[in-house]
Amino acid sequence: MIVEYVRYRIQAEKADEFRAAYRQAAEALRESPHCLNYELAANTEEPELFTLRIEWDSPQGHLSGFRQSSQFQKFFSFVKPFVSAIEEMRHYEVADVVGDGGGKPAPPTLYEWAGGPEAFERLFSRFYEKVAGDDVLAPMFASMDSRHAHHVSLWLGEVFGGPALYTEQRGGYPNMLAHHVGKAITPEQRRRWAMLLFDTADEVGLPDDPEFRAAFAGYIEWGTRIALANSQPDATPPRRAPVPRWGWGVAPPWQQSRPSTEAAHS
């Protein structure tokens, strides 16, 4: 990515015309596949000063991709009367000082968005009631601990950004892994576990907005497939790893030769 700054000094009587021209020119920026975003800002101390900031995918994307396109011709037709008012037009690379200020509220975690501990307790209590009557899954859980649903709710709560209660009370990843090693989970069992959980999420009223459900489904798919791999007789997963922290559509960054955290059992 590269950032272009174009600084203008516009006479007061031309300011409205200048703003109107850029409102029209912006359509060409929106159409360009090389333009990531843009903004026009007016200086509050010296109203005649304006700065146009455009993020391009690359210098070549701007200088070759955009400037040699029909979008540029459209863009330039609107801004051409103001070219002589340009005081600076340069590209900049973003330095390694970047972030959000303290005034910007942090987005809620998946744990908070789902409804906190009550939501996960409700989900897994009902889920394991259904598991007990499922022909494919019931044999896997025939000797299930009476607190199993609670333990899994702690795990998913921690994964989704809640307190680290599974780590504190159950031993974290090593304990989760121990419940999968040697179990020889089948693809059919993995798929049934995931599909039944998705159905139960609907039944117990977990948030159904696409963003949450995409993140929820992404983790369940990721975790159950790792559980399947780690449960096979020839699997050699790492014995220690952090509990993953899942965000809005983003897989956890930690990796080894094979990701090694499970979702299905505790």
# chains A, B, ... in the order shown; residues from 1 in each chain; ligands from 1

$ select_by_dssp --residues "segment 30-221 of chain A" --states "strand (DSSP E or B)" --output "JSON, numbers by chain"
{"A": [35, 36, 37, 38, 39, 40, 41, 42, 49, 50, 51, 52, 53, 54, 55, 56, 86, 87, 88, 89, 90, 91, 92]}

$ write_last_selection --atoms "C-alpha atoms" --output "short mmCIF file (atom, residue, chain, number, x, y, z; two decimals), in the first residue's frame"
data_model
loop_
_atom_site.label_atom_id
_atom_site.label_comp_id
_atom_site.auth_asym_id
_atom_site.auth_seq_id
_atom_site.Cartn_x
_atom_site.Cartn_y
_atom_site.Cartn_z
CA CYS A 35 -7.88 2.80 -4.93
CA LEU A 36 -8.32 1.47 -1.38
CA ASN A 37 -9.83 4.60 0.17
CA TYR A 38 -9.71 8.37 0.00
CA GLU A 39 -10.69 11.53 1.86
CA LEU A 40 -10.64 15.27 1.25
CA ALA A 41 -9.96 17.39 4.34
CA ALA A 42 -10.19 21.15 4.82
CA LEU A 49 -5.90 24.80 2.44
CA PHE A 50 -7.21 21.35 1.44
CA THR A 51 -5.52 17.94 1.55
CA LEU A 52 -6.58 14.98 -0.52
CA ARG A 53 -5.42 11.64 0.93
CA ILE A 54 -5.65 8.52 -1.24
CA GLU A 55 -4.51 5.00 -0.37
CA TRP A 56 -3.40 3.01 -3.41
CA ILE A 86 -1.58 22.17 -6.08
CA GLU A 87 1.25 22.90 -3.64
CA GLU A 88 2.37 19.30 -3.04
CA MET A 89 1.65 15.93 -4.68
CA ARG A 90 3.72 13.06 -3.29
CA HIS A 91 3.59 9.41 -2.30
CA TYR A 92 4.33 8.23 1.24
#

$ residues_around --residues "segment 58-62 of chain A" --least-positions-apart "6" --cutoff "9 Å" --atoms "only C-alpha atoms" --output "VMD selection string"
chain A and resid 1 to 3 33 to 35 68 91

$ write_last_selection --atoms "C-alpha atoms" --output "short mmCIF file (atom, residue, chain, number, x, y, z; two decimals), in the first residue's frame"
data_model
loop_
_atom_site.label_atom_id
_atom_site.label_comp_id
_atom_site.auth_asym_id
_atom_site.auth_seq_id
_atom_site.Cartn_x
_atom_site.Cartn_y
_atom_site.Cartn_z
CA MET A 1 0.00 0.00 0.00
CA ILE A 2 1.11 3.58 -0.69
CA VAL A 3 -0.45 6.87 0.45
CA PRO A 33 -9.68 -1.40 -8.30
CA HIS A 34 -6.36 0.20 -7.28
CA CYS A 35 -7.88 2.80 -4.93
CA GLN A 68 -3.65 4.84 -17.69
CA HIS A 91 3.59 9.41 -2.30
#

$ atom_distance --atom1 "atom CA of Ser69 of chain A" --atom2 "atom CA of Val94 of chain A"
25.5 Å

$ select_by_dssp --residues "segment 115-174 of chain A" --states "helix (DSSP H, G or I)" --output "PyMOL selection string"
chain A and resi 117-132+138-141+148-159+165-170+173-174

$ atom_distance --atom1 "atom CA of Gly249 of chain A" --atom2 "atom CA of Gly157 of chain A"
16.0 Å

$ atom_distance --atom1 "atom CA of Pro187 of chain A" --atom2 "atom CA of Pro139 of chain A"
14.8 Å
